[in-house]
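Printed here is coords-v8.pdb (PDB, C-alpha atoms, pLDDT in the B column):
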ATOM      1  CA  MET K   1     -14.498-111.570 195.896  1.00 45.00           C
ATOM      2  CA  ARG K   2     -14.205-114.664 193.704  1.00 42.00           C
ATOM      3  CA  PHE K   3     -17.450-113.759 191.937  1.00 38.00           C
ATOM      4  CA  SER K   4     -16.139-110.228 191.231  1.00 40.00           C
ATOM      5  CA  VAL K   5     -12.850-111.548 189.842  1.00 38.00           C
ATOM      6  CA  LEU K   6     -14.727-114.036 187.661  1.00 37.00           C
ATOM      7  CA  LEU K   7     -16.856-111.231 186.230  1.00 35.00           C
ATOM      8  CA  GLU K   8     -13.738-109.188 185.430  1.00 41.00           C
ATOM      9  CA  ILE K   9     -12.148-112.171 183.665  1.00 37.00           C
ATOM     10  CA  LEU K  10     -15.282-112.846 181.645  1.00 36.00           C
ATOM     11  CA  SER K  11     -15.606-109.166 180.741  1.00 39.00           C
ATOM     12  CA  PHE K  12     -11.987-109.027 179.572  1.00 38.00           C
ATOM     13  CA  ALA K  13     -12.385-112.220 177.532  1.00 37.00           C
ATOM     14  CA  ALA K  14     -15.554-110.938 175.890  1.00 40.00           C
ATOM     15  CA  SER K  15     -13.856-107.641 175.020  1.00 42.00           C
ATOM     16  CA  ALA K  16     -10.834-109.390 173.538  1.00 40.00           C
ATOM     17  CA  PHE K  17     -13.063-111.700 171.506  1.00 39.00           C
ATOM     18  CA  ALA K  18     -15.148-108.800 170.179  1.00 47.00           C
ATOM     19  CA  GLN K  19     -12.036-106.849 169.134  1.00 63.00           C
ATOM     20  CA  SER K  20     -10.190-109.749 167.486  1.00 85.00           C
ATOM     21  CA  SER K  21      -9.244-109.385 163.831  1.00 91.00           C
ATOM     22  CA  PRO K  22     -10.742-111.615 161.115  1.00 95.00           C
ATOM     23  CA  PRO K  23      -8.923-114.762 159.914  1.00 93.00           C
ATOM     24  CA  GLU K  24      -8.467-113.185 156.474  1.00 94.00           C
ATOM     25  CA  LEU K  25      -7.945-109.549 155.499  1.00 95.00           C
ATOM     26  CA  PRO K  26      -9.461-107.606 152.590  1.00 95.00           C
ATOM     27  CA  VAL K  27      -7.679-107.383 149.257  1.00 94.00           C
ATOM     28  CA  VAL K  28      -6.974-104.233 147.235  1.00 95.00           C
ATOM     29  CA  SER K  29      -8.798-104.434 143.908  1.00 94.00           C
ATOM     30  CA  SER K  30      -8.105-100.995 142.400  1.00 94.00           C
ATOM     31  CA  ILE K  31      -6.765 -97.524 143.198  1.00 96.00           C
ATOM     32  CA  SER K  32      -7.848 -94.241 141.614  1.00 95.00           C
ATOM     33  CA  SER K  33      -6.580 -90.716 142.237  1.00 94.00           C
ATOM     34  CA  GLN K  34      -7.998 -87.220 141.884  1.00 89.00           C
ATOM     35  CA  ILE K  35      -4.473 -85.738 141.682  1.00 85.00           C
ATOM     36  CA  PRO K  36      -2.407 -88.009 139.355  1.00 83.00           C
ATOM     37  CA  PRO K  37       0.608 -85.655 139.035  1.00 81.00           C
ATOM     38  CA  GLN K  38       1.311 -85.926 142.777  1.00 82.00           C
ATOM     39  CA  CYS K  39      -0.097 -89.375 143.536  1.00 88.00           C
ATOM     40  CA  SER K  40      -0.428 -91.764 140.641  1.00 87.00           C
ATOM     41  CA  PRO K  41      -1.909 -95.268 141.071  1.00 86.00           C
ATOM     42  CA  GLY K  42       0.598 -97.962 140.198  1.00 79.00           C
ATOM     43  CA  LYS K  43       3.488 -95.499 140.451  1.00 84.00           C
ATOM     44  CA  SER K  44       3.490 -93.412 143.599  1.00 91.00           C
ATOM     45  CA  ILE K  45       0.702 -94.812 145.786  1.00 96.00           C
ATOM     46  CA  GLY K  46       1.584 -97.832 147.877  1.00 95.00           C
ATOM     47  CA  ILE K  47      -0.961 -99.726 150.002  1.00 96.00           C
ATOM     48  CA  SER K  48      -0.278-102.423 152.584  1.00 97.00           C
ATOM     49  CA  ILE K  49      -2.753-104.019 154.987  1.00 97.00           C
ATOM     50  CA  ASP K  50      -2.294-106.011 158.147  1.00 96.00           C
ATOM     51  CA  ALA K  51      -4.622-106.763 161.037  1.00 97.00           C
ATOM     52  CA  THR K  52      -3.756-103.569 162.921  1.00 97.00           C
ATOM     53  CA  MET K  53      -3.386-100.938 160.193  1.00 97.00           C
ATOM     54  CA  ILE K  54      -3.591 -99.836 156.594  1.00 98.00           C
ATOM     55  CA  THR K  55      -0.433 -98.040 155.460  1.00 98.00           C
ATOM     56  CA  THR K  56      -0.676 -95.603 152.551  1.00 98.00           C
ATOM     57  CA  SER K  57       2.668 -94.482 151.084  1.00 97.00           C
ATOM     58  CA  LEU K  58       2.503 -91.394 148.870  1.00 97.00           C
ATOM     59  CA  SER K  59       6.064 -91.195 147.613  1.00 95.00           C
ATOM     60  CA  GLU K  60       5.747 -88.268 145.186  1.00 93.00           C
ATOM     61  CA  VAL K  61       3.586 -85.865 147.202  1.00 95.00           C
ATOM     62  CA  GLN K  62       5.406 -82.521 147.271  1.00 95.00           C
ATOM     63  CA  PHE K  63       4.769 -78.976 148.416  1.00 94.00           C
ATOM     64  CA  GLN K  64       3.365 -76.633 145.788  1.00 89.00           C
ATOM     65  CA  SER K  65       3.111 -72.850 146.000  1.00 79.00           C
ATOM     66  CA  LEU K  66      -0.237 -71.534 147.225  1.00 67.00           C
ATOM     67  CA  GLY K  67      -0.227 -68.803 144.588  1.00 57.00           C
ATOM     68  CA  HIS K  68       1.550 -65.712 143.252  1.00 51.00           C
ATOM     69  CA  GLY K  69       2.732 -63.446 146.029  1.00 50.00           C
ATOM     70  CA  ARG K  70       1.750 -65.871 148.779  1.00 55.00           C
ATOM     71  CA  THR K  71       4.177 -67.616 151.083  1.00 70.00           C
ATOM     72  CA  GLY K  72       3.895 -71.196 152.202  1.00 80.00           C
ATOM     73  CA  GLY K  73       3.009 -74.378 150.391  1.00 92.00           C
ATOM     74  CA  PHE K  74       0.498 -77.201 150.208  1.00 93.00           C
ATOM     75  CA  ALA K  75       1.004 -80.920 149.515  1.00 95.00           C
ATOM     76  CA  ASN K  76      -1.971 -83.232 149.090  1.00 95.00           C
ATOM     77  CA  CYS K  77      -3.320 -86.477 147.714  1.00 96.00           C
ATOM     78  CA  ASP K  78      -6.976 -87.427 147.216  1.00 96.00           C
ATOM     79  CA  PHE K  79      -7.419 -91.102 146.291  1.00 97.00           C
ATOM     80  CA  LYS K  80      -9.833 -94.025 146.492  1.00 97.00           C
ATOM     81  CA  VAL K  81      -9.025 -97.677 147.214  1.00 97.00           C
ATOM     82  CA  GLU K  82     -11.452-100.454 146.249  1.00 96.00           C
ATOM     83  CA  LEU K  83     -11.331-103.373 148.672  1.00 95.00           C
ATOM     84  CA  ASN K  84     -12.773-106.859 148.176  1.00 93.00           C
ATOM     85  CA  SER K  85     -13.030-110.098 150.155  1.00 92.00           C
ATOM     86  CA  TRP K  86     -14.050-108.667 153.507  1.00 94.00           C
ATOM     87  CA  TYR K  87     -14.479-111.522 155.961  1.00 94.00           C
ATOM     88  CA  TYR K  88     -18.033-112.516 156.889  1.00 93.00           C
ATOM     89  CA  ASN K  89     -19.337-111.489 160.307  1.00 95.00           C
ATOM     90  CA  TYR K  90     -16.898-108.610 160.952  1.00 97.00           C
ATOM     91  CA  ARG K  91     -16.893-104.845 160.739  1.00 97.00           C
ATOM     92  CA  VAL K  92     -14.017-102.370 160.911  1.00 98.00           C
ATOM     93  CA  ALA K  93     -13.300 -98.838 162.156  1.00 98.00           C
ATOM     94  CA  ILE K  94     -10.311 -96.479 162.114  1.00 98.00           C
ATOM     95  CA  SER K  95      -9.215 -95.578 165.641  1.00 97.00           C
ATOM     96  CA  GLY K  96      -6.459 -93.085 164.831  1.00 97.00           C
ATOM     97  CA  ALA K  97      -3.441 -92.592 162.606  1.00 98.00           C
ATOM     98  CA  THR K  98       0.191 -91.528 162.360  1.00 98.00           C
ATOM     99  CA  ILE K  99       1.585 -89.372 159.550  1.00 98.00           C
ATOM    100  CA  ARG K 100       5.305 -89.528 158.906  1.00 98.00           C
ATOM    101  CA  GLY K 101       8.023 -88.574 156.472  1.00 98.00           C
ATOM    102  CA  ASN K 102      11.291 -86.672 156.067  1.00 98.00           C
ATOM    103  CA  ALA K 103      11.345 -82.916 155.509  1.00 97.00           C
ATOM    104  CA  ASN K 104      14.036 -80.577 154.226  1.00 96.00           C
ATOM    105  CA  LEU K 105      13.104 -77.026 155.221  1.00 95.00           C
ATOM    106  CA  SER K 106      15.225 -73.887 154.844  1.00 94.00           C
ATOM    107  CA  ASP K 107      15.168 -70.308 156.157  1.00 92.00           C
ATOM    108  CA  GLY K 108      12.709 -70.933 158.955  1.00 92.00           C
ATOM    109  CA  VAL K 109      10.025 -72.664 156.898  1.00 94.00           C
ATOM    110  CA  LYS K 110       7.794 -74.880 159.014  1.00 95.00           C
ATOM    111  CA  ILE K 111       5.138 -77.537 158.459  1.00 97.00           C
ATOM    112  CA  TYR K 112       2.278 -76.507 160.691  1.00 96.00           C
ATOM    113  CA  GLN K 113      -0.779 -78.595 159.773  1.00 97.00           C
ATOM    114  CA  PHE K 114      -1.847 -82.030 158.490  1.00 98.00           C
ATOM    115  CA  ASN K 115      -5.221 -83.222 157.261  1.00 98.00           C
ATOM    116  CA  THR K 116      -5.984 -86.951 157.513  1.00 98.00           C
ATOM    117  CA  THR K 117      -9.435 -88.007 156.344  1.00 98.00           C
ATOM    118  CA  ALA K 118     -10.746 -91.517 155.644  1.00 98.00           C
ATOM    119  CA  VAL K 119     -14.265 -92.260 154.396  1.00 98.00           C
ATOM    120  CA  PHE K 120     -15.847 -95.700 154.016  1.00 98.00           C
ATOM    121  CA  ARG K 121     -17.969 -95.920 150.846  1.00 96.00           C
ATOM    122  CA  LEU K 122     -20.581 -98.568 149.961  1.00 94.00           C
ATOM    123  CA  GLU K 123     -22.145 -98.806 146.494  1.00 91.00           C
ATOM    124  CA  HIS K 124     -25.110-101.185 146.427  1.00 86.00           C
ATOM    125  CA  LEU K 125     -26.756-102.443 143.234  1.00 83.00           C
ATOM    126  CA  LYS K 126     -30.476-102.494 144.044  1.00 80.00           C
ATOM    127  CA  ASN K 127     -31.769-104.773 141.281  1.00 75.00           C
ATOM    128  CA  PHE K 128     -29.207-107.556 141.398  1.00 67.00           C
ATOM    129  CA  SER K 129     -31.258-110.742 141.315  1.00 67.00           C
ATOM    130  CA  PRO K 130     -32.267-110.700 138.600  1.00 69.00           C
ATOM    131  CA  VAL K 131     -30.450-107.740 137.055  1.00 70.00           C
ATOM    132  CA  THR K 132     -32.990-105.786 135.056  1.00 72.00           C
ATOM    133  CA  PRO K 133     -32.084-102.649 133.134  1.00 77.00           C
ATOM    134  CA  PRO K 134     -31.501 -99.983 134.079  1.00 81.00           C
ATOM    135  CA  GLU K 135     -29.027-100.967 136.789  1.00 79.00           C
ATOM    136  CA  VAL K 136     -29.693 -98.703 139.781  1.00 83.00           C
ATOM    137  CA  THR K 137     -27.067 -98.139 142.478  1.00 85.00           C
ATOM    138  CA  ASN K 138     -27.446 -96.614 145.937  1.00 89.00           C
ATOM    139  CA  LEU K 139     -24.546 -94.827 147.609  1.00 92.00           C
ATOM    140  CA  ALA K 140     -23.791 -94.679 151.351  1.00 94.00           C
ATOM    141  CA  LYS K 141     -20.761 -93.129 153.060  1.00 96.00           C
ATOM    142  CA  SER K 142     -19.423 -92.552 156.564  1.00 97.00           C
ATOM    143  CA  THR K 143     -16.354 -90.565 157.628  1.00 98.00           C
ATOM    144  CA  MET K 144     -14.269 -92.833 159.864  1.00 98.00           C
ATOM    145  CA  LEU K 145     -11.553 -90.272 160.579  1.00 98.00           C
ATOM    146  CA  GLY K 146     -11.379 -86.575 159.759  1.00 97.00           C
ATOM    147  CA  GLN K 147      -8.725 -84.683 161.679  1.00 96.00           C
ATOM    148  CA  LEU K 148      -6.883 -81.385 161.207  1.00 96.00           C
ATOM    149  CA  THR K 149      -3.712 -81.669 163.274  1.00 97.00           C
ATOM    150  CA  THR K 150      -1.447 -78.708 164.055  1.00 96.00           C
ATOM    151  CA  THR K 151       2.207 -79.017 165.040  1.00 95.00           C
ATOM    152  CA  ASN K 152       4.981 -76.655 166.084  1.00 91.00           C
ATOM    153  CA  ASP K 153       7.808 -79.193 166.007  1.00 91.00           C
ATOM    154  CA  ILE K 154       8.704 -79.375 162.301  1.00 97.00           C
ATOM    155  CA  GLY K 155      10.910 -76.447 161.280  1.00 93.00           C
ATOM    156  CA  GLY K 156      10.353 -72.792 162.095  1.00 90.00           C
ATOM    157  CA  SER K 157      13.990 -71.851 162.719  1.00 89.00           C
ATOM    158  CA  GLY K 158      16.960 -72.035 160.373  1.00 92.00           C
ATOM    159  CA  ILE K 159      17.342 -75.340 158.551  1.00 94.00           C
ATOM    160  CA  TYR K 160      15.372 -78.471 159.370  1.00 96.00           C
ATOM    161  CA  ASP K 161      16.443 -81.767 157.776  1.00 96.00           C
ATOM    162  CA  ASP K 162      15.006 -84.682 159.686  1.00 97.00           C
ATOM    163  CA  ASP K 163      12.295 -87.313 159.988  1.00 97.00           C
ATOM    164  CA  PHE K 164       8.947 -86.440 161.514  1.00 97.00           C
ATOM    165  CA  ASN K 165       6.312 -88.650 163.057  1.00 97.00           C
ATOM    166  CA  VAL K 166       3.021 -87.025 164.065  1.00 98.00           C
ATOM    167  CA  PRO K 167       0.274 -88.937 165.935  1.00 97.00           C
ATOM    168  CA  ILE K 168      -3.288 -88.163 164.850  1.00 97.00           C
ATOM    169  CA  SER K 169      -5.957 -88.049 167.534  1.00 95.00           C
ATOM    170  CA  SER K 170      -8.604 -90.738 167.687  1.00 95.00           C
ATOM    171  CA  PRO K 171     -12.145 -89.822 166.638  1.00 95.00           C
ATOM    172  CA  SER K 172     -14.501 -88.903 169.473  1.00 93.00           C
ATOM    173  CA  GLU K 173     -16.308 -92.186 168.814  1.00 95.00           C
ATOM    174  CA  LYS K 174     -15.690 -95.130 166.514  1.00 97.00           C
ATOM    175  CA  VAL K 175     -17.472 -95.016 163.155  1.00 97.00           C
ATOM    176  CA  TRP K 176     -18.029 -98.590 162.008  1.00 97.00           C
ATOM    177  CA  SER K 177     -18.294 -99.972 158.500  1.00 96.00           C
ATOM    178  CA  PRO K 178     -21.306-102.110 157.619  1.00 94.00           C
ATOM    179  CA  CYS K 179     -21.215-105.631 158.991  1.00 94.00           C
ATOM    180  CA  PHE K 180     -19.665-107.578 156.128  1.00 93.00           C
ATOM    181  CA  GLN K 181     -21.501-110.402 154.419  1.00 89.00           C
ATOM    182  CA  GLY K 182     -18.413-111.845 152.704  1.00 87.00           C
ATOM    183  CA  SER K 183     -19.646-111.151 149.169  1.00 82.00           C
ATOM    184  CA  GLU K 184     -18.492-107.531 148.882  1.00 83.00           C
ATOM    185  CA  GLY K 185     -16.737-106.968 145.566  1.00 77.00           C
ATOM    186  CA  SER K 186     -18.096-110.083 143.898  1.00 71.00           C
ATOM    187  CA  GLY K 187     -21.828-109.450 144.014  1.00 73.00           C
ATOM    188  CA  GLN K 188     -24.026-106.399 144.276  1.00 84.00           C
ATOM    189  CA  ASP K 189     -21.835-104.442 146.708  1.00 89.00           C
ATOM    190  CA  SER K 190     -18.665-102.471 145.993  1.00 92.00           C
ATOM    191  CA  THR K 191     -16.692-101.112 148.944  1.00 95.00           C
ATOM    192  CA  TYR K 192     -14.061 -98.383 149.018  1.00 96.00           C
ATOM    193  CA  LEU K 193     -11.950 -96.347 151.382  1.00 98.00           C
ATOM    194  CA  GLU K 194     -11.562 -92.745 150.242  1.00 98.00           C
ATOM    195  CA  PHE K 195      -8.448 -91.066 151.644  1.00 98.00           C
ATOM    196  CA  TYR K 196      -7.499 -87.410 151.725  1.00 97.00           C
ATOM    197  CA  VAL K 197      -4.049 -86.491 153.044  1.00 98.00           C
ATOM    198  CA  SER K 198      -2.443 -83.050 153.081  1.00 97.00           C
ATOM    199  CA  ALA K 199       0.320 -81.006 154.691  1.00 97.00           C
ATOM    200  CA  SER K 200       0.580 -77.213 154.931  1.00 96.00           C
ATOM    201  CA  SER K 201       3.777 -75.195 155.284  1.00 95.00           C
ATOM    202  CA  SER K 202       4.451 -71.535 156.023  1.00 93.00           C
ATOM    203  CA  ASP K 203       7.361 -69.317 155.028  1.00 89.00           C
ATOM    204  CA  GLU K 204       7.434 -66.008 156.899  1.00 84.00           C
ATOM    205  CA  THR K 205      10.440 -64.638 155.011  1.00 81.00           C
ATOM    206  CA  GLY K 206       9.320 -65.692 151.550  1.00 81.00           C
ATOM    207  CA  GLU K 207      12.879 -66.922 150.914  1.00 84.00           C
ATOM    208  CA  GLY K 208      12.660 -70.477 152.221  1.00 89.00           C
ATOM    209  CA  ASP K 209      11.964 -73.802 150.601  1.00 91.00           C
ATOM    210  CA  ALA K 210      10.060 -76.913 151.694  1.00 93.00           C
ATOM    211  CA  LYS K 211      10.684 -80.407 150.346  1.00 95.00           C
ATOM    212  CA  LEU K 212       9.461 -83.849 151.341  1.00 96.00           C
ATOM    213  CA  SER K 213      12.258 -86.343 150.726  1.00 94.00           C
ATOM    214  CA  SER K 214       9.955 -89.337 150.265  1.00 94.00           C
ATOM    215  CA  GLY K 215       6.457 -87.875 150.266  1.00 96.00           C
ATOM    216  CA  LEU K 216       4.030 -88.671 153.069  1.00 98.00           C
ATOM    217  CA  THR K 217       3.181 -91.992 154.694  1.00 98.00           C
ATOM    218  CA  VAL K 218       0.106 -92.533 156.857  1.00 98.00           C
ATOM    219  CA  ASP K 219      -0.536 -95.504 159.127  1.00 98.00           C
ATOM    220  CA  TRP K 220      -4.306 -95.784 159.680  1.00 98.00           C
ATOM    221  CA  ASP K 221      -5.005 -97.778 162.856  1.00 98.00           C
ATOM    222  CA  LEU K 222      -7.703-100.447 162.496  1.00 98.00           C
ATOM    223  CA  VAL K 223     -10.029-101.997 165.051  1.00 98.00           C
ATOM    224  CA  TRP K 224     -12.315-104.929 164.315  1.00 98.00           C
ATOM    225  CA  GLU K 225     -15.512-106.214 165.853  1.00 96.00           C
ATOM    226  CA  GLU K 226     -17.520-109.349 165.268  1.00 97.00           C
ATOM    227  CA  CYS K 227     -21.118-108.692 164.278  1.00 95.00           C
ATOM    228  CA  THR K 228     -24.205-110.223 162.703  1.00 93.00           C
ATOM    229  CA  PRO K 229     -24.890-109.079 159.127  1.00 90.00           C
ATOM    230  CA  ASN K 230     -28.324-107.599 158.508  1.00 86.00           C
ATOM    231  CA  SER K 231     -29.086-106.675 154.909  1.00 77.00           C
ATOM    232  CA  ASN K 232     -32.040-104.500 155.827  1.00 74.00           C
ATOM    233  CA  SER K 233     -30.106-102.277 158.230  1.00 75.00           C
ATOM    234  CA  THR K 234     -27.066-102.116 155.922  1.00 79.00           C
ATOM    235  CA  TYR K 235     -28.956-101.103 152.806  1.00 80.00           C
ATOM    236  CA  VAL K 236     -31.606 -98.952 154.459  1.00 79.00           C
ATOM    237  CA  SER K 237     -29.938 -97.147 157.353  1.00 86.00           C
ATOM    238  CA  TRP K 238     -26.121 -97.480 157.306  1.00 92.00           C
ATOM    239  CA  GLY K 239     -24.098 -94.368 156.475  1.00 93.00           C
ATOM    240  CA  ASN K 240     -23.884 -90.738 157.580  1.00 93.00           C
ATOM    241  CA  GLU K 241     -24.525 -89.737 153.976  1.00 93.00           C
ATOM    242  CA  ARG K 242     -26.938 -91.668 151.748  1.00 89.00           C
ATOM    243  CA  VAL K 243     -27.984 -91.096 148.143  1.00 90.00           C
ATOM    244  CA  ASP K 244     -30.664 -93.475 146.883  1.00 84.00           C
ATOM    245  CA  ASP K 245     -30.747 -94.082 143.122  1.00 74.00           C
ATOM    246  CA  TRP K 246     -27.329 -92.436 142.984  1.00 77.00           C
ATOM    247  CA  GLN K 247     -26.453 -93.994 139.632  1.00 73.00           C
ATOM    248  CA  SER K 248     -28.476 -95.524 136.821  1.00 69.00           C
ATOM    249  CA  CYS K 249     -26.924 -97.390 133.885  1.00 68.00           C
ATOM    250  CA  THR K 250     -28.649 -98.729 130.769  1.00 60.00           C
ATOM    251  CA  TYR K 251     -26.673-100.951 128.390  1.00 57.00           C
ATOM    252  CA  ARG K 252     -27.476-100.952 124.673  1.00 54.00           C
TER     253      ARG K 252
END
Full structure transcribed into structure tokens:
Amino acid sequence: MRFSVLLEILSFAASAFAQSSPPELPVVSSISSQIPPQCSPGKSIGISIDATMITTSLSEVQFQSLGHGRTGGFANCDFKVELNSWYYNYRVAISGATIRGNANLSDGVKIYQFNTTAVFRLEHLKNFSPVTPPEVTNLAKSTMLGQLTTTNDIGGSGIYDDDFNVPISSPSEKVWSPCFQGSEGSGQDSTYLEFYVSASSSDETGEGDAKLSSGLTVDWDLVWEECTPNSNSTYVSWGNERVDDWQSCTYR
């Protein structure tokens, strides 16, 4: 009995140690957007990071008509965050998310679907030491979270004017970043998180209206794991999508 209890204690301690967060967190270096009118870096995209989550606040995301003669609307933001100063000997994954906001819906309009997608992106300069022209960069990417979430609780009858808070399911299995070497952002590696967030509304009468009072906010849940960096595995095999010689630059 004592031996069994000891094993359980050791197992729990090992699990807690493996999942502990790093002593220092990454730093946002830059933000770029594919849809500046709805989500503009420096104006309407807010990013905060703590050990348990990354929060992305998209304050100006708003429903737009899907087209002439069509009912319903679509609100979205497609943006990329460059992150530096990852702590050596750790890797990270996204274990789930929550999307929240405040909606003002009239005449039975409802919000029925959310898309929350997060992709980790690694750009690796092949010929770094020494740098010899042309500079050649490899690209590797992995989707950490990609969920379409339906809901029947936001509108659909009369007027809806309230907050909403929708949990996003965890991925079927964790998708880990590379094991960080501590030099990302300052050497031959650039790292990014690409986010895509959207909401879809429907209007059966064609007379309703859908507004987001403060845009959309997503809390992306983080999990951490200690690891041993291996340059060969990172640069040769990491990533669900890899493009060798993705970019070549010659300076004149």
Which residue gives the smallest distance to Thr149 (chain K) among K:Ser200, K:Gln247, K:Ser213, K:Thr228, with all atoms listed in the file counted?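 Going through K:Ser200, K:Gln247, K:Ser213, K:Thr228 one by one, the smallest distance to Thr149 (chain K) is for K:Ser200.
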For region 77-91 of chain K, take all atoms listed in the file, fit an axis-aligned box around them, add 3 Å to each of the six sides, then output centre and edge lengths in Å rounded to one decimal, as JSON.
{"center_x": -11.3, "center_y": -99.5, "center_z": 153.6, "size_x": 22.0, "size_y": 32.0, "size_z": 20.7}
Near Val166 (chain K), counting all atoms listed in the file, which residues have an atom at most 7 Å away, once you skip same-chain residues fewer than 3 positions from it, shown as a ChimeraX atom specification? /K:98-100
Residues selected by the PyMOL selection byres ((chain K and resi 206) around 10), written as a count of residues only: 14
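Comparing the minimum interatomic distances between Phe180 (chain K) and each of K:Pro37, K:Pro134, K:Gly158, K:Pro229, counting only C-alpha atoms, we find that K:Pro229 sits nearest.
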Can you work out which one of K:Ile94, K:Val27, K:Phe63, K:Gly146 has the shortest atom-to-atom distance to Ile49 (chain K), counting all atoms listed in the file? K:Val27
Output the residue selection produced by the PyMOL selection byres ((chain K and resi 110) around 8) on the file above, formatted as an NGL selection string. :K and (105 or 108-109 or 111-112 or 152 or 154-157 or 201-203 or 210)
Go ahead and dump the residues you just picked, C-alpha atoms, as a JSON list (two decimals), in the coordinates of the input.
[["chain", "number", "residue", "atom", "x", "y", "z"],
["K", 105, "LEU", "CA", 13.10, -77.03, 155.22],
["K", 108, "GLY", "CA", 12.71, -70.93, 158.96],
["K", 109, "VAL", "CA", 10.02, -72.66, 156.90],
["K", 111, "ILE", "CA", 5.14, -77.54, 158.46],
["K", 112, "TYR", "CA", 2.28, -76.51, 160.69],
["K", 152, "ASN", "CA", 4.98, -76.66, 166.08],
["K", 154, "ILE", "CA", 8.70, -79.38, 162.30],
["K", 155, "GLY", "CA", 10.91, -76.45, 161.28],
["K", 156, "GLY", "CA", 10.35, -72.79, 162.10],
["K", 157, "SER", "CA", 13.99, -71.85, 162.72],
["K", 201, "SER", "CA", 3.78, -75.19, 155.28],
["K", 202, "SER", "CA", 4.45, -71.54, 156.02],
["K", 203, "ASP", "CA", 7.36, -69.32, 155.03],
["K", 210, "ALA", "CA", 10.06, -76.91, 151.69]]
Residue nearest Tyr196 (chain K) - candidates K:Ser106, K:Thr117, K:Gln38, K:Ser29, atoms counted: all atoms listed in the file: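 Smallest distance to Tyr196 (chain K) is found for K:Thr117.
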Which residues, named as in the file, does the PyMOL selection byres ((chain K and resi 114) around 7) pick out? Answer as a list in words.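 Written out, the selection comes to Gln113, Asn115, Thr116, Leu148, Thr149, Thr150, Ser198, Ala199 and Ser200 of chain K.
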What lies within 10 Å of Asn89 (chain K) using all atoms listed in the file, ignoring chain neighbours under 3 positions off, as a PyMOL selection string? chain K and resi 22+86+178-182+225-230
Please, could you write that set of residues out with C-alpha atoms as a PDB file, keeping the file's coordinate frame?
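Written file, again-v3.pdb:
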ATOM      1  CA  PRO K  22     -10.742-111.615 161.115  1.00 95.00           C
ATOM      2  CA  TRP K  86     -14.050-108.667 153.507  1.00 94.00           C
ATOM      3  CA  PRO K 178     -21.306-102.110 157.619  1.00 94.00           C
ATOM      4  CA  CYS K 179     -21.215-105.631 158.991  1.00 94.00           C
ATOM      5  CA  PHE K 180     -19.665-107.578 156.128  1.00 93.00           C
ATOM      6  CA  GLN K 181     -21.501-110.402 154.419  1.00 89.00           C
ATOM      7  CA  GLY K 182     -18.413-111.845 152.704  1.00 87.00           C
ATOM      8  CA  GLU K 225     -15.512-106.214 165.853  1.00 96.00           C
ATOM      9  CA  GLU K 226     -17.520-109.349 165.268  1.00 97.00           C
ATOM     10  CA  CYS K 227     -21.118-108.692 164.278  1.00 95.00           C
ATOM     11  CA  THR K 228     -24.205-110.223 162.703  1.00 93.00           C
ATOM     12  CA  PRO K 229     -24.890-109.079 159.127  1.00 90.00           C
ATOM     13  CA  ASN K 230     -28.324-107.599 158.508  1.00 86.00           C
TER      14      ASN K 230
END
Distance query Lys211 (chain K) at most 10 Å, only C-alpha atoms, self and fewer than 4 positions along chain excluded, as a PyMOL selection string: chain K and resi 61-64+73+75+102-106+161+201+215
I'd like the neighbourhood of Gly42 (chain K) as a list in words, where a residue qualifies if any of its atoms comes within 10 Å (using all atoms listed in the file), though same-chain residues fewer than 2 positions away should be ignored. Ser30, Ile31, Ser32, Cys39, Ser40, Ser44, Ile45 and Gly46 of chain K
Once you have the residues from the selection above, write them out as a CSV table (one decimal), in the frame of the given file, restricted to C-alpha atoms.
chain,number,residue,atom,x,y,z
K,30,SER,CA,-8.1,-101.0,142.4
K,31,ILE,CA,-6.8,-97.5,143.2
K,32,SER,CA,-7.8,-94.2,141.6
K,39,CYS,CA,-0.1,-89.4,143.5
K,40,SER,CA,-0.4,-91.8,140.6
K,44,SER,CA,3.5,-93.4,143.6
K,45,ILE,CA,0.7,-94.8,145.8
K,46,GLY,CA,1.6,-97.8,147.9
Residue nearest Ala97 (chain K) among K:Asn165, K:Glu60, K:Val81, K:Asp219 (counting all atoms listed in the file):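 The answer is K:Asp219, which sits nearest to Ala97 (chain K).
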Among listed residues K:Val131, K:Leu139, K:Leu222, K:Val197, nearest Lys174 (chain K) (using all atoms listed in the file):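 Of K:Val131, K:Leu139, K:Leu222, K:Val197, the one nearest Lys174 (chain K) is K:Leu222, counting all atoms listed in the file.
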Rounded to one decimal place, report the CA of Thr55 (chain K)-CA of Asp221 (chain K) distance in Å.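 Atom-to-atom, CA of Thr55 (chain K) and CA of Asp221 (chain K) are spaced 8.7 Å apart.
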Name all residues at most 8 Å from Ser177 (chain K) (count all atoms listed in the file; drop same-chain ones fewer than 4 positions away) and give them as a short mmCIF file (atom, residue, chain, number, x, y, z; two decimals) with C-alpha atoms, in the frame of the given file.
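Resulting contents of part-v1.cif:
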data_model
loop_
_atom_site.label_atom_id
_atom_site.label_comp_id
_atom_site.auth_asym_id
_atom_site.auth_seq_id
_atom_site.Cartn_x
_atom_site.Cartn_y
_atom_site.Cartn_z
CA ARG K 91 -16.89 -104.84 160.74
CA VAL K 92 -14.02 -102.37 160.91
CA ALA K 93 -13.30 -98.84 162.16
CA PHE K 120 -15.85 -95.70 154.02
CA SER K 142 -19.42 -92.55 156.56
#
